[in-house]
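As provided, data_7.txt (compact mmCIF, C-alpha atoms and all ligand atoms) reads as follows.
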# COMPACT_ATOMS: atom_id res chain seq x y z
CA MET A 1 38.32 -60.37 -68.02
CA THR A 2 38.18 -56.55 -68.16
CA ARG A 3 40.22 -54.66 -70.68
CA ALA A 4 42.90 -52.27 -69.50
CA GLU A 5 42.21 -48.57 -69.34
CA ILE A 6 44.00 -46.79 -72.18
CA ILE A 7 46.27 -44.00 -70.98
CA ASP A 8 45.72 -41.15 -73.42
CA GLY A 9 49.15 -39.53 -73.76
CA LYS A 10 47.99 -37.38 -76.65
CA LEU A 11 45.27 -35.70 -74.59
CA PHE A 12 47.52 -35.35 -71.54
CA ALA A 13 50.25 -33.78 -73.71
CA GLU A 14 47.76 -31.35 -75.30
CA ARG A 15 46.69 -30.13 -71.87
CA LEU A 16 50.27 -29.88 -70.70
CA ARG A 17 51.26 -27.84 -73.77
CA ALA A 18 48.29 -25.51 -73.22
CA GLU A 19 49.36 -24.98 -69.59
CA ILE A 20 52.96 -24.34 -70.67
CA GLY A 21 51.66 -21.80 -73.21
CA ARG A 22 49.82 -19.96 -70.41
CA GLN A 23 52.96 -19.88 -68.27
CA VAL A 24 55.01 -18.59 -71.21
CA VAL A 25 52.55 -15.73 -71.77
CA ARG A 26 52.63 -14.90 -68.06
CA LEU A 27 56.43 -14.89 -68.09
CA ARG A 28 56.42 -12.46 -71.01
CA GLU A 29 53.82 -10.17 -69.43
CA GLU A 30 55.37 -10.11 -65.97
CA HIS A 31 59.07 -10.35 -66.77
CA LEU A 32 59.40 -9.43 -70.48
CA VAL A 33 61.04 -12.78 -71.22
CA THR A 34 60.19 -15.22 -74.02
CA PRO A 35 61.67 -18.70 -73.51
CA GLY A 36 63.71 -19.64 -76.58
CA LEU A 37 64.37 -23.13 -77.92
CA ALA A 38 67.22 -23.75 -80.40
CA VAL A 39 67.14 -27.01 -82.35
CA ILE A 40 70.11 -28.18 -84.40
CA LEU A 41 69.69 -30.79 -87.13
CA VAL A 42 72.69 -32.27 -88.90
CA GLY A 43 72.00 -34.07 -92.19
CA GLU A 44 68.81 -34.99 -94.02
CA ASP A 45 67.50 -38.05 -92.15
CA PRO A 46 63.74 -37.97 -92.91
CA ALA A 47 62.62 -39.12 -89.42
CA SER A 48 64.85 -36.50 -87.75
CA GLN A 49 63.50 -33.81 -90.07
CA VAL A 50 59.95 -34.67 -88.99
CA TYR A 51 60.92 -34.59 -85.28
CA VAL A 52 62.67 -31.23 -85.65
CA ARG A 53 59.75 -29.73 -87.55
CA ASN A 54 57.33 -30.92 -84.86
CA LYS A 55 59.47 -29.58 -82.04
CA ALA A 56 59.78 -26.14 -83.65
CA HIS A 57 56.08 -26.06 -84.50
CA GLN A 58 54.99 -27.01 -80.99
CA ALA A 59 57.42 -24.53 -79.40
CA ARG A 60 55.82 -21.74 -81.43
CA GLY A 61 52.38 -23.15 -80.53
CA ALA A 62 53.29 -22.66 -76.86
CA SER A 63 54.28 -19.02 -77.62
CA MET A 64 58.01 -19.73 -77.29
CA ALA A 65 60.70 -18.42 -79.61
CA SER A 66 62.04 -21.16 -81.86
CA PHE A 67 65.40 -21.13 -83.64
CA GLU A 68 66.25 -23.85 -86.16
CA TYR A 69 69.74 -24.62 -87.47
CA ARG A 70 70.17 -27.10 -90.33
CA LEU A 71 73.71 -28.20 -91.06
CA PRO A 72 74.88 -30.46 -93.92
CA HIS A 73 75.60 -34.13 -93.13
CA ASN A 74 79.35 -33.59 -93.71
CA VAL A 75 79.67 -30.57 -91.40
CA PRO A 76 83.02 -30.56 -89.57
CA GLN A 77 82.70 -31.17 -85.84
CA GLU A 78 84.37 -27.82 -85.08
CA ASN A 79 81.60 -25.90 -86.88
CA LEU A 80 78.96 -27.66 -84.81
CA LEU A 81 80.87 -26.94 -81.59
CA GLU A 82 81.21 -23.27 -82.60
CA LEU A 83 77.46 -23.01 -83.15
CA ILE A 84 76.81 -24.55 -79.73
CA ALA A 85 79.24 -22.08 -78.12
CA ARG A 86 77.37 -19.22 -79.79
CA LEU A 87 74.00 -20.51 -78.56
CA ASN A 88 75.42 -21.11 -75.07
CA ALA A 89 76.23 -17.38 -74.93
CA ASP A 90 72.99 -16.13 -76.52
CA PRO A 91 70.58 -14.76 -73.88
CA ALA A 92 67.58 -15.27 -76.20
CA VAL A 93 68.23 -19.04 -76.21
CA HIS A 94 67.28 -20.86 -73.00
CA GLY A 95 67.28 -24.42 -74.31
CA ILE A 96 69.53 -26.16 -76.86
CA LEU A 97 68.74 -29.48 -78.48
CA VAL A 98 70.94 -31.35 -80.93
CA GLN A 99 68.88 -33.92 -82.80
CA LEU A 100 70.47 -37.37 -82.56
CA PRO A 101 71.83 -39.49 -84.16
CA LEU A 102 74.80 -37.49 -85.48
CA PRO A 103 76.94 -38.50 -88.49
CA PRO A 104 80.13 -40.51 -87.87
CA GLN A 105 82.62 -37.60 -88.20
CA VAL A 106 81.03 -36.03 -85.11
CA ASP A 107 81.76 -37.28 -81.59
CA THR A 108 78.29 -37.32 -79.97
CA ASP A 109 79.64 -37.21 -76.40
CA ARG A 110 81.76 -34.16 -77.18
CA VAL A 111 78.74 -32.39 -78.62
CA ILE A 112 76.51 -33.23 -75.63
CA ASN A 113 79.26 -32.16 -73.23
CA ALA A 114 79.63 -28.83 -75.06
CA ILE A 115 76.06 -27.75 -74.27
CA ARG A 116 75.78 -25.56 -71.18
CA PRO A 117 74.17 -27.85 -68.56
CA ASP A 118 71.51 -25.27 -67.67
CA LYS A 119 70.51 -25.09 -71.37
CA ASP A 120 70.63 -28.88 -71.86
CA ILE A 121 66.88 -29.41 -72.16
CA ASP A 122 67.36 -33.01 -73.32
CA GLY A 123 68.97 -33.72 -69.95
CA PHE A 124 71.79 -35.77 -71.54
CA HIS A 125 74.76 -33.76 -70.20
CA PRO A 126 76.70 -35.70 -67.51
CA VAL A 127 76.03 -32.86 -65.04
CA ASN A 128 72.28 -33.36 -65.42
CA ALA A 129 72.56 -37.18 -65.49
CA GLY A 130 74.67 -37.01 -62.31
CA ALA A 131 72.27 -34.61 -60.59
CA LEU A 132 69.33 -36.91 -61.38
CA ALA A 133 71.20 -39.95 -60.05
CA THR A 134 72.24 -38.15 -56.84
CA GLY A 135 68.92 -36.45 -56.14
CA GLY A 136 69.95 -32.90 -57.15
CA ASP A 137 68.16 -30.35 -59.34
CA ALA A 138 68.43 -31.67 -62.88
CA LEU A 139 66.98 -31.13 -66.31
CA VAL A 140 65.50 -34.62 -66.78
CA PRO A 141 65.41 -36.45 -70.16
CA CYS A 142 62.05 -35.76 -71.76
CA THR A 143 60.81 -39.27 -72.53
CA PRO A 144 61.18 -40.70 -69.01
CA LEU A 145 59.85 -37.44 -67.56
CA GLY A 146 56.74 -37.84 -69.72
CA CYS A 147 56.37 -41.50 -68.64
CA LEU A 148 56.56 -40.49 -64.98
CA MET A 149 53.87 -37.83 -65.44
CA LEU A 150 51.53 -40.39 -67.02
CA LEU A 151 52.22 -42.85 -64.19
CA LYS A 152 51.57 -40.29 -61.46
CA HIS A 153 48.41 -39.13 -63.19
CA ARG A 154 47.16 -42.70 -63.41
CA LEU A 155 48.34 -44.08 -60.06
CA GLY A 156 48.88 -41.08 -57.77
CA GLU A 157 51.32 -42.25 -55.13
CA LEU A 158 53.99 -44.61 -56.47
CA ALA A 159 55.88 -45.33 -53.23
CA GLY A 160 56.38 -49.02 -52.54
CA LEU A 161 55.29 -50.21 -55.98
CA ARG A 162 57.50 -52.72 -57.76
CA ALA A 163 58.71 -51.25 -61.07
CA VAL A 164 60.55 -53.04 -63.86
CA VAL A 165 62.28 -50.95 -66.54
CA LEU A 166 63.08 -52.96 -69.64
CA GLY A 167 66.07 -51.28 -71.31
CA ARG A 168 69.07 -49.42 -69.84
CA SER A 169 69.90 -46.69 -72.35
CA ASN A 170 71.15 -43.32 -71.11
CA ILE A 171 68.20 -41.53 -72.70
CA VAL A 172 65.32 -43.72 -71.50
CA GLY A 173 66.01 -46.75 -69.29
CA LYS A 174 68.52 -45.38 -66.79
CA PRO A 175 66.86 -42.00 -66.15
CA MET A 176 63.47 -43.75 -65.95
CA ALA A 177 64.83 -46.04 -63.24
CA SER A 178 66.29 -43.04 -61.35
CA LEU A 179 62.96 -41.21 -61.49
CA LEU A 180 61.04 -44.25 -60.21
CA LEU A 181 63.58 -44.71 -57.43
CA ARG A 182 63.12 -41.05 -56.51
CA GLU A 183 59.38 -41.85 -56.18
CA HIS A 184 60.30 -44.68 -53.77
CA CYS A 185 59.45 -47.57 -56.10
CA THR A 186 61.38 -50.83 -55.80
CA VAL A 187 63.13 -50.76 -59.15
CA THR A 188 64.58 -53.52 -61.34
CA ILE A 189 66.40 -52.64 -64.56
CA ALA A 190 66.29 -55.47 -67.10
CA HIS A 191 68.30 -55.67 -70.33
CA SER A 192 69.56 -58.05 -72.98
CA LYS A 193 71.62 -60.06 -70.49
CA THR A 194 68.81 -60.44 -67.93
CA ARG A 195 67.96 -64.05 -67.13
CA ASP A 196 64.28 -64.95 -67.34
CA LEU A 197 62.93 -61.64 -68.50
CA ALA A 198 59.36 -62.95 -68.38
CA ASP A 199 59.60 -63.72 -64.66
CA GLU A 200 61.07 -60.29 -63.89
CA CYS A 201 58.28 -58.59 -65.82
CA ARG A 202 55.54 -60.65 -64.15
CA ARG A 203 56.54 -59.20 -60.77
CA ALA A 204 56.03 -55.60 -61.92
CA ASP A 205 53.22 -53.35 -60.72
CA ILE A 206 54.68 -50.84 -63.18
CA LEU A 207 56.30 -52.11 -66.39
CA VAL A 208 58.14 -49.64 -68.62
CA ALA A 209 59.25 -51.18 -71.92
CA ALA A 210 62.03 -49.33 -73.80
CA VAL A 211 63.85 -51.94 -75.87
CA GLY A 212 63.18 -51.08 -79.50
CA ARG A 213 61.88 -54.59 -80.39
CA PRO A 214 58.43 -54.70 -81.98
CA ARG A 215 55.80 -56.34 -79.70
CA MET A 216 58.45 -58.18 -77.69
CA VAL A 217 56.45 -58.19 -74.44
CA PRO A 218 53.42 -60.51 -74.67
CA GLY A 219 50.38 -60.30 -72.40
CA ASP A 220 51.47 -63.32 -70.36
CA TRP A 221 54.58 -61.42 -69.15
CA ILE A 222 52.31 -58.88 -67.47
CA LYS A 223 51.00 -59.07 -63.92
CA PRO A 224 47.19 -58.77 -63.93
CA GLY A 225 46.25 -55.16 -63.19
CA ALA A 226 49.74 -53.76 -63.80
CA THR A 227 50.34 -50.35 -65.36
CA VAL A 228 52.23 -50.69 -68.64
CA ILE A 229 54.13 -47.84 -70.26
CA ASP A 230 55.24 -48.68 -73.79
CA VAL A 231 58.07 -46.39 -74.93
CA GLY A 232 58.93 -48.34 -78.08
CA ILE A 233 58.39 -46.85 -81.52
CA ASN A 234 58.95 -49.51 -84.17
CA ARG A 235 57.89 -49.39 -87.80
CA ILE A 236 56.68 -52.74 -89.13
CA GLU A 237 55.76 -53.81 -92.64
CA THR A 238 52.08 -54.19 -93.55
CA PRO A 239 50.57 -56.01 -96.54
CA ASP A 240 49.52 -52.68 -98.13
CA GLY A 241 53.17 -51.58 -98.08
CA LYS A 242 52.45 -48.48 -95.99
CA GLY A 243 53.90 -49.89 -92.75
CA ARG A 244 52.73 -48.89 -89.28
CA LEU A 245 54.06 -48.07 -85.86
CA VAL A 246 53.94 -50.58 -83.01
CA GLY A 247 55.39 -50.51 -79.51
CA ASP A 248 57.65 -52.91 -77.62
CA VAL A 249 54.54 -54.44 -76.01
CA ASP A 250 52.11 -56.70 -77.84
CA PHE A 251 49.16 -54.38 -77.28
CA ASP A 252 46.37 -56.82 -78.23
CA SER A 253 47.34 -59.45 -75.65
CA ALA A 254 48.58 -56.94 -73.03
CA VAL A 255 45.35 -54.99 -73.01
CA GLN A 256 43.55 -58.14 -71.79
CA VAL A 257 45.74 -58.40 -68.69
CA ALA A 258 47.05 -54.97 -67.69
CA GLY A 259 45.15 -52.51 -65.51
CA SER A 260 46.16 -49.64 -67.79
CA ILE A 261 48.41 -49.25 -70.81
CA THR A 262 49.76 -46.58 -73.15
CA PRO A 263 49.01 -47.10 -76.85
CA VAL A 264 51.52 -46.66 -79.69
CA PRO A 265 51.10 -44.19 -81.27
CA GLY A 266 49.34 -41.74 -78.94
CA GLY A 267 50.94 -42.71 -75.63
CA VAL A 268 54.47 -41.74 -74.65
CA GLY A 269 55.45 -40.11 -77.98
CA PRO A 270 53.40 -36.89 -77.61
CA MET A 271 54.59 -36.52 -74.01
CA THR A 272 58.22 -36.36 -75.11
CA ILE A 273 57.81 -33.10 -77.04
CA ALA A 274 55.54 -31.59 -74.38
CA CYS A 275 58.26 -32.30 -71.79
CA LEU A 276 60.84 -30.69 -74.05
CA LEU A 277 58.79 -27.48 -73.86
CA LEU A 278 58.43 -27.93 -70.11
CA ASN A 279 62.20 -28.24 -69.76
CA THR A 280 62.71 -25.12 -71.90
CA LEU A 281 60.35 -23.16 -69.66
CA GLU A 282 62.07 -24.50 -66.56
CA ALA A 283 65.53 -23.70 -68.00
CA ALA A 284 64.45 -20.12 -68.79
CA CYS A 285 63.11 -19.60 -65.25
CA ARG A 286 66.27 -20.98 -63.66
CA GLN A 287 68.57 -18.89 -65.87
CA LEU A 288 66.65 -15.75 -64.92
CA ASP A 289 66.38 -16.69 -61.27
CA LEU A 290 62.60 -16.76 -61.44
CA PRO A 291 60.42 -19.31 -59.66
CA VAL A 292 59.94 -22.50 -61.68
CA PRO A 293 56.20 -23.07 -62.37
CA SER A 294 54.99 -26.24 -60.62
P1 LIG A 301 68.55 -48.43 -77.12
O1 LIG A 301 68.75 -49.29 -78.32
O2 LIG A 301 69.55 -47.38 -76.80
O3 LIG A 301 68.41 -49.38 -75.83
C1 LIG A 301 67.64 -50.53 -75.88
C2 LIG A 301 67.75 -51.26 -74.57
O4 LIG A 301 66.95 -52.44 -74.66
C3 LIG A 301 69.16 -51.70 -74.21
O5 LIG A 301 69.41 -51.47 -72.86
C4 LIG A 301 69.15 -53.21 -74.53
O6 LIG A 301 69.95 -53.99 -73.66
C5 LIG A 301 67.71 -53.57 -74.29
N1 LIG A 301 67.33 -54.72 -75.12
C6 LIG A 301 67.44 -54.84 -76.45
N2 LIG A 301 67.00 -56.05 -76.84
C7 LIG A 301 66.62 -56.71 -75.72
C8 LIG A 301 66.09 -57.97 -75.48
N3 LIG A 301 65.85 -58.86 -76.47
N4 LIG A 301 65.81 -58.31 -74.20
C9 LIG A 301 66.03 -57.45 -73.20
N5 LIG A 301 66.53 -56.22 -73.38
C10 LIG A 301 66.83 -55.85 -74.62
O7 LIG A 301 67.09 -47.80 -77.28
P2 LIG A 301 66.43 -46.49 -76.63
O8 LIG A 301 66.42 -46.60 -75.16
O9 LIG A 301 66.99 -45.29 -77.28
O10 LIG A 301 64.93 -46.64 -77.20
C11 LIG A 301 64.13 -47.76 -76.88
C12 LIG A 301 62.84 -47.66 -77.65
O11 LIG A 301 62.15 -46.48 -77.29
C13 LIG A 301 63.00 -47.58 -79.17
O12 LIG A 301 61.91 -48.24 -79.78
C14 LIG A 301 62.89 -46.10 -79.47
O13 LIG A 301 62.41 -45.83 -80.78
C15 LIG A 301 61.88 -45.69 -78.44
N6 LIG A 301 61.95 -44.29 -78.06
C16 LIG A 301 60.77 -43.61 -78.01
C17 LIG A 301 60.74 -42.30 -77.63
C18 LIG A 301 59.41 -41.62 -77.54
O14 LIG A 301 59.37 -40.40 -77.58
N7 LIG A 301 58.31 -42.36 -77.38
C19 LIG A 301 61.96 -41.56 -77.32
C20 LIG A 301 63.15 -42.38 -77.30
C21 LIG A 301 63.13 -43.70 -77.68
P3 LIG A 301 71.57 -53.89 -73.62
O15 LIG A 301 71.88 -52.62 -72.91
O16 LIG A 301 71.95 -55.10 -72.84
O17 LIG A 301 72.02 -53.89 -75.03

Give the structure from the file, written as structure tokens.
Amino acid sequence: MTRAEIIDGKLFAERLRAEIGRQVVRLREEHLVTPGLAVILVGEDPASQVYVRNKAHQARGASMASFEYRLPHNVPQENLLELIARLNADPAVHGILVQLPLPPQVDTDRVINAIRPDKDIDGFHPVNAGALATGGDALVPCTPLGCLMLLKHRLGELAGLRAVVLGRSNIVGKPMASLLLREHCTVTIAHSKTRDLADECRRADILVAAVGRPRMVPGDWIKPGATVIDVGINRIETPDGKGRLVGDVDFDSAVQVAGSITPVPGGVGPMTIACLLLNTLEAACRQLDLPVPS
């Protein structure tokens, strides 16, 4: 049996970021505009701190302006909403991201809803979620957008393929299903109440796993030759105590069956930040009524 081709998300993301950097420079030269990304972090969660640092670093690497706001874990909700209102009105800021999760005194929905939809580069605002679901112009959540780019790069035309999305969260599963539907796939969304998950998965030409359960999908759930996108990022214990990251798919058995597969790490993860920069560029162009680079 042949091993699956490994889909190199890290390399794809590097090239995408380089292209975004070129577009940013062109925008500055031709229109005197520098796309600006504002990232808000509430609290001291170590994983969130790493994400925020990476986002700011990569925004600067793509020649964008980056603004970071760190607020204490006990910040009153009103202060956070005031900051968002200020950034909404700031012409130097084209994209606003609030790092989730937020502490319990803050109502996450209220915060998401407070971001101007055309600056909502995470694509979580109901206006953007609605536009995606109804086929309008939307800022699309970064992780599913990155998954779709990898799929199109690998498979070209997706029309008619049978896709199964495992997971139905607002940030990954649902927008992923909408994007695949927009590409004319036949889409099934599976979740914790789905009966016979294995059977559903075995029908998939495209399987996107976004459940948050380490190595839940074994190789014998995968149709031979299928394209497998593993969104999961799960830290597991290792005997040396250092721990390591694994996906929602059992890579070692899946790689024997699938036609192609994303690794964890190095698959979907790097695409998420690259797509955040892409959304910031797109948001800047739309706000300034300039053509959106294709
Ligand atoms: P959520 O916890 O919000 O959603 C998980 C989904 O999986 C739910 O719809 C849930 O079903 C379903 N699910 C959970 N357990 C099972 C099960 N045993 N069988 C079938 N379905 C199940 O997670 P997210 O969507 O936020 O994230 C999913 C994974 O993706 C996580 O590992 C996360 O770390 C990772 N992630 C990676 C990103 C990246 O950049 N690579 C970005 C975002 C997330 P139900 O709705 O019925 O409860």

Do you know which residues are within 8 Å of ligand LIG 301 (chain A) using all atoms listed in the file? Can you write them as a PDB file with C-alpha atoms, keeping the file's coordinate frame?
ATOM      1  CA  CYS A 142      62.050 -35.760 -71.760  1.00  0.00           C
ATOM      2  CA  THR A 143      60.810 -39.270 -72.530  1.00  0.00           C
ATOM      3  CA  LEU A 166      63.080 -52.960 -69.640  1.00  0.00           C
ATOM      4  CA  GLY A 167      66.070 -51.280 -71.310  1.00  0.00           C
ATOM      5  CA  ARG A 168      69.070 -49.420 -69.840  1.00  0.00           C
ATOM      6  CA  SER A 169      69.900 -46.690 -72.350  1.00  0.00           C
ATOM      7  CA  ASN A 170      71.150 -43.320 -71.110  1.00  0.00           C
ATOM      8  CA  ILE A 171      68.200 -41.530 -72.700  1.00  0.00           C
ATOM      9  CA  VAL A 172      65.320 -43.720 -71.500  1.00  0.00           C
ATOM     10  CA  GLY A 173      66.010 -46.750 -69.290  1.00  0.00           C
ATOM     11  CA  ALA A 190      66.290 -55.470 -67.100  1.00  0.00           C
ATOM     12  CA  HIS A 191      68.300 -55.670 -70.330  1.00  0.00           C
ATOM     13  CA  SER A 192      69.560 -58.050 -72.980  1.00  0.00           C
ATOM     14  CA  LYS A 193      71.620 -60.060 -70.490  1.00  0.00           C
ATOM     15  CA  THR A 194      68.810 -60.440 -67.930  1.00  0.00           C
ATOM     16  CA  LEU A 197      62.930 -61.640 -68.500  1.00  0.00           C
ATOM     17  CA  ALA A 209      59.250 -51.180 -71.920  1.00  0.00           C
ATOM     18  CA  ALA A 210      62.030 -49.330 -73.800  1.00  0.00           C
ATOM     19  CA  VAL A 211      63.850 -51.940 -75.870  1.00  0.00           C
ATOM     20  CA  GLY A 212      63.180 -51.080 -79.500  1.00  0.00           C
ATOM     21  CA  ARG A 213      61.880 -54.590 -80.390  1.00  0.00           C
ATOM     22  CA  PRO A 214      58.430 -54.700 -81.980  1.00  0.00           C
ATOM     23  CA  MET A 216      58.450 -58.180 -77.690  1.00  0.00           C
ATOM     24  CA  ASP A 230      55.240 -48.680 -73.790  1.00  0.00           C
ATOM     25  CA  VAL A 231      58.070 -46.390 -74.930  1.00  0.00           C
ATOM     26  CA  GLY A 232      58.930 -48.340 -78.080  1.00  0.00           C
ATOM     27  CA  ILE A 233      58.390 -46.850 -81.520  1.00  0.00           C
ATOM     28  CA  ASN A 234      58.950 -49.510 -84.170  1.00  0.00           C
ATOM     29  CA  GLY A 247      55.390 -50.510 -79.510  1.00  0.00           C
ATOM     30  CA  ASP A 248      57.650 -52.910 -77.620  1.00  0.00           C
ATOM     31  CA  GLY A 267      50.940 -42.710 -75.630  1.00  0.00           C
ATOM     32  CA  VAL A 268      54.470 -41.740 -74.650  1.00  0.00           C
ATOM     33  CA  GLY A 269      55.450 -40.110 -77.980  1.00  0.00           C
ATOM     34  CA  PRO A 270      53.400 -36.890 -77.610  1.00  0.00           C
ATOM     35  CA  MET A 271      54.590 -36.520 -74.010  1.00  0.00           C
ATOM     36  CA  THR A 272      58.220 -36.360 -75.110  1.00  0.00           C
ATOM     37  CA  ILE A 273      57.810 -33.100 -77.040  1.00  0.00           C
TER      38      ILE A 273
END

Env of Phe12 in chain A: 8 Å cut, atoms = all atoms listed in the file, seq-sep filter 4 positions within chain, self excluded. Answer as a PyMOL selection string. chain A and resi 8+16+150+271

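Using all atoms listed in the file for every distance, the candidate list A:Ile229, A:Leu179, A:Thr280, A:Pro239 yields A:Ile229 as the residue closest to Pro263 in chain A.
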
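When only C-alpha atoms are used to measure the gap to Asp122 in chain A, the shortest distance among A:Val33, A:Ala85, A:Leu278, A:Ile6 belongs to A:Leu278.
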
If you count all atoms listed in the file, which residues fall within 10 Å of range 40-49 of chain A, apart from same-chain ones fewer than 6 positions away, as a PyMOL selection string? chain A and resi 55+67-75+80+83-84+96-103+106

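Nearest-residue note for Asp205 in chain A: choosing from A:Leu37, A:Val165, A:Ala56, A:Ala138, the minimum distance belongs to A:Val165, counting only C-alpha atoms.
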
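Shortest atom-to-atom contact with Ile20 in chain A among A:Gly123, A:Leu281, A:Pro265, A:Val292: A:Leu281, counting all atoms listed in the file.
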
Hey, what's within 12 Å of range 26-32 of chain A if we count only C-alpha atoms and toss same-chain stuff fewer than 6 positions away? As a short mmCIF file (atom, residue, chain, number, x, y, z; two decimals) with C-alpha atoms, keeping the file's coordinate frame, please?
data_model
loop_
_atom_site.label_atom_id
_atom_site.label_comp_id
_atom_site.auth_asym_id
_atom_site.auth_seq_id
_atom_site.Cartn_x
_atom_site.Cartn_y
_atom_site.Cartn_z
CA GLU A 19 49.36 -24.98 -69.59
CA ILE A 20 52.96 -24.34 -70.67
CA ALA A 62 53.29 -22.66 -76.86
CA SER A 63 54.28 -19.02 -77.62
CA MET A 64 58.01 -19.73 -77.29
CA ALA A 65 60.70 -18.42 -79.61
CA ALA A 92 67.58 -15.27 -76.20
CA LEU A 281 60.35 -23.16 -69.66
CA GLU A 282 62.07 -24.50 -66.56
CA ALA A 284 64.45 -20.12 -68.79
CA CYS A 285 63.11 -19.60 -65.25
CA LEU A 288 66.65 -15.75 -64.92
CA ASP A 289 66.38 -16.69 -61.27
CA LEU A 290 62.60 -16.76 -61.44
CA PRO A 291 60.42 -19.31 -59.66
CA VAL A 292 59.94 -22.50 -61.68
CA PRO A 293 56.20 -23.07 -62.37
#

With a distance cut-off of 8 Å and all atoms listed in the file, select the neighbouring residues of range 151-163 of chain A, excluding the residue or stretch itself and same-chain residues fewer than 4 positions from it, and output the selection as a PyMOL selection string. chain A and resi 7+147+180+183-188+203-208+227

Length of the CA of His94 in chain A to CA of Gly36 in chain A vector [Å]: 5.2 Å

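Atom pair CA of Gly21 in chain A / CA of Gly135 in chain A: separated by 28.4 Å.
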